[in-house]
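J.: This is the structure I want to talk about, given as structure tokens.
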Amino acid sequence: MSDRDQHSEVGHDSHEHIAHGGNGKYIAVFIALCLLTMGSFLTYFPFWREHVPYQASRALMLAISCTKAMLVIMFFMHLLWEANWKWVLTIPATFMSVFLMLMLVPDIGWRINNGYARYSEERWVYAANPQKIESSDVKAAEKDLSREDTH
Amino acid sequence: MSTITADAHVHSHDDHTHAGSFLSTYVFSRDHKIIGIQFLFSTLIWFLIGGLLALGIRWQLAYPWSSMPILGKLVYSAEGGQIAPEAYTMLFTMHATVMIFLVIIPILAGAFGNFLIPLMIGADDMAFPTLNMLSYWFMWPAFFAFGASFFVGTGPASGWTSYPPLSLTSEAQMFWLIGLTFVGVSSMMGSVNYLTTIIQMRAPGMTMFRLPMTIWGMFITAILQAFALPVLTAAGFMQLMDLKLGTGFFIPEGWSASNSLRASGGGQPLLWQHLFWFYSHPAVYIMILPAMGMVSDMLSCFARKPLFGYKPMVYSIAGIAGLGFIVWGHHMFVSGMNPVLGMTFMVATMFIALPSAIKTFNWLGTIWGSKIQFTTPMLFALSFVSMFIIGGLSGIFMAATPVDIFIHDTYFIVAHFHYVLFAGTAMAVFGAIYFWFPKMFGRMMNERWGKVHFFLTFIFLNGVFYPMHILGWVGFPRRLADPYHYETFRHLLPLNQFMTWCAILMVTTQIIFAINFFYSIFFGPKAGRNPWRANSLEWQAPSPPGHGNFDFQPIIYRGPYEYGSPEVDEDYYPQTTPPPTDRPLAVPAH
Amino acid sequence: MSDSHAPKFSYQPALPIPNGKTCLWLFLSTEIMFFAGLIGTYIVLRFGAVAWPAPHDVHLSEPIGAFNTFVLICSSVTVVLALEAAKLNQASKAKGWLLLTFLLGCVFLGVKLYEYNAKFSHGIYPVRPHGLVYDKADIHYAAAVRKRLNDLKTDLTNTGAAVTPDDQARITVIDDVMRQVDEAEAAIRNEPDSPAGVIKLMELAYQIYPPHDHGTVLQAAEAGAVPPAALVKFAALEQPVAGEAANSQNAEREGLNEKYPWLRLPIMIPGGPMWASTYFLLTGFHALHVLVGLIVFALLLFKTLDRSRANVVENIGLYWHFVDLVWIFLFPLLYLF
Ligand SMILES: [Cu+2]
């Protein structure tokens, strides 16, 4: 919080931004939002799924979501025209929410295979569907199968 | 959300009813002072309950499986006054729950935050008086839920941390979680209200860097609550769903309890610990930052010296709060958390020693070379500083992963947080009650009995909590109904008996406080506006302040710590006194 | 302070905005943290899960989700237009836009209810102590199927009335499934070290509720997360499905639960219980926020929305945009990932 000495009175309508281009900009943002939504919805179609790796699709969808979020925050929530106080609130909140999620990832999200600690054999016993099967029983079958067969 | 908008725009219209009924004046009051005092009384009652729960724990540790006198006969008549293991687990769970959620947090933010914030910044009330009232009344469902949880089965018995899957085996946990949710909603409503008030409703001239440290403490605390609490609320909802709806957020694969049907599973118990400590580590600062602020004010006032290093004090509070958000993993060093995170959390935790040390040295700098007035509040403030040093230093031990692996879940941690929370915060709260009592009720508390109360409490608390360091260092485990089951700990029984007697005497000592408190409300000597000759704004208002708080428009000319200023004859220089203009020496107006 | 309140004292606010808006932004930051906790939970549980159902396995329709996204975007525009109208003192216009927003919000909730119903009708929801959805075909699953079959049979035979041909047909189906359960359990009991019994159970589970897509599991397999041993079993199960698909291109296999809706046998969806937990958690809390917004809209519709209420419209608008914002992230995370 800055050490301001101004005795500014709070006006009835603190932002006189009727001059920001009328309602046209809202329609423009609306069209942009719809197009962006279509962009992420493209990943739904089989054609896309066959040609684009899912990691790329996910990255694209996240990027699109962030863009859409920025559009909504900046234009619909008027943050573009607000004074500097907007940073005081939005940056800590964004930082902390992202930090919380990031710190959860190494501990749990990567439990299956995080480079040094794989999903343990014992956990496989209790895991959902793909079960650990006694290796002696499947040694033979394993030889016949390569990963491509499962596609 | 709806409440907030409604509040902002509906309730600011009507002006505060002056001659209302008893109900609207003292029960459903929207006056911040009344709400603060309501919080104070409610929390003091819970303080008593929490203290009695602690005595139950101490009794079992000193005289295991023997019949507890007086209370045991009442509560555990079926067992002949004996505390069963489940009952012991319930005792320490509810002791912590009550003390944290129903005493310390609401007494700091609810009682003192409510009472002091508008008075100290020069506002006529909070920004949203109805929201403020709701934040108090949302505590009552929590009181009832926590109260009811005692009577369901053997009560909540998975520690105040409520780790699943253990916590999912108990039916009482539902009430516990509902109580937690209501405390969360109440705190959230309070914190957005405090923040708005402090940001928007300061008197002319009251810049952010002229705020008393108490307000800074409350301000940062409110930020912590606003950002950290929602995560716990979300986690609490999830645990409630695991318990009642059959989801499996925190239920590991293949888990079933007490021969019941296997639950769906696939969840992560560690996830609860992460979400829980994401709130509960900042919560330890919620439980001490306002106390630090109040102690700073008392120290400066009774040392009759300006607070040493005001801005570093502010920055270090903010630093503690900022760091406080990125260290929660230090509670999970032995939980199976990714060791890579352990290192990060350890280093970040160690860094908190830095701003804490800045604060400690600034307090010492404040009293350095001063003519200290050893009033009761000052004694409590001084004991806060010294006890906080002990509690803070033992914290560094546990921040170090290798050491923590050894002392985790021993009495060392119990010693640590009792030094910080009881010897620290609770002593500061006692001091604050003695200090602001004249402003709250218009009368002084008895100084002599106050000092007796202080010295006895101080001696006995060290008698209870200091030996815990020793216990912890030899590995005495916490949360165990009968540690003497193990041969190695049997020789510690006499020490535990000594601690228990200190605890009993300490609780008994509080009778002095209670009598002094209630006697003084009615028969204490009348206090003027400014009995301590302090600078900050609340002392310029009438005692007790009427509706709207001030009988003049407060205009602030300086910070709150101008003691011994060369500009005036008096050794204090209230924030509202205009500076001398043409005359060389101005007489303070009030 | 706030507009119509005759302030007792003058203040020096730090922010050039009304108190209500300050409070609302603070409240929104607490909401950000609330949803960060929820979404973080989802990310962790989902990407930490061994298996996760494909949308069609759990009757999740991407186009419907996209439509709902569109509805929310529209409502965001209308609420901002309502604010602009209110600022220009065009009360009736503002009310019109607000009414439209309200209706769009109702459409969103209606679609949400329709979606929920699609899951509920297939028994995909968390319930205590155990819903219809099972993670894997193990002895617990077999026991649950057996229990359901026994219950059905008792209901049919204990009526006292004569057994109708219709009932007789049902009993035949029940006995047929029961025989398979018996076989699988016998296999597990007799050769506990062999996968044969489990494979039998899997086959039964796939008969009851055929899988639509193993994409997620296979992705996990590609990433090396699934041990080869587990893949063997999958391969065995994929083969007949693949064969069938070759015969008739679009033949969606009909499960027993769909063929005989009265059966309502427990179904196996790998990762299904956790999917249901997180899906209903996230969308449920989001829908709750939508509902709160709708209530405020409904209350506002009874007021004159002129310039003096522009602040109120702005605040509820901010809240509504935030609800939209949450959905912007929920839609790809829940439907498309
Ligand atoms: Cu901590």
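Labels for the structure tokens follow display order: chains A, B, ..., residues from 1 in each chain, ligands from 1.
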12 Å from ligand 1 is the threshold here; counting only C-alpha atoms and all ligand atoms, which polymer residues fall inside it? Answer as a PyMOL selection string.

T.: chain B and resi 273-274+276-287+320-321+323-333+345-346+348-350+352+392+395-396+398-399+413+416-417+420

J.: Excluding B:Phe476 and its own-chain neighbours fewer than 3 positions away, which residues fall within 6 Å of it when counting only C-alpha atoms? Please give them as an NGL selection string.

T.: :B and (410-411 or 471-472)

J.: I'd like the interatomic distance between atom CA of C:Asp155 and atom CA of C:Gly123, to a tenth of an Å.

T.: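 Between atom CA of C:Asp155 and atom CA of C:Gly123 the gap works out to 20.1 Å.
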
J.: Grab the atom CA of B:Leu71 to atom CA of B:Gly56 distance for me, in Å with one decimal place.

T.: 8.4 Å

J.: Mind giving me the straight-line distance from atom CA of B:Ala87 to atom CA of B:Leu270 in Å, one decimal?

T.: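 Answer for the atom CA of B:Ala87 to atom CA of B:Leu270 separation: 26.5 Å.
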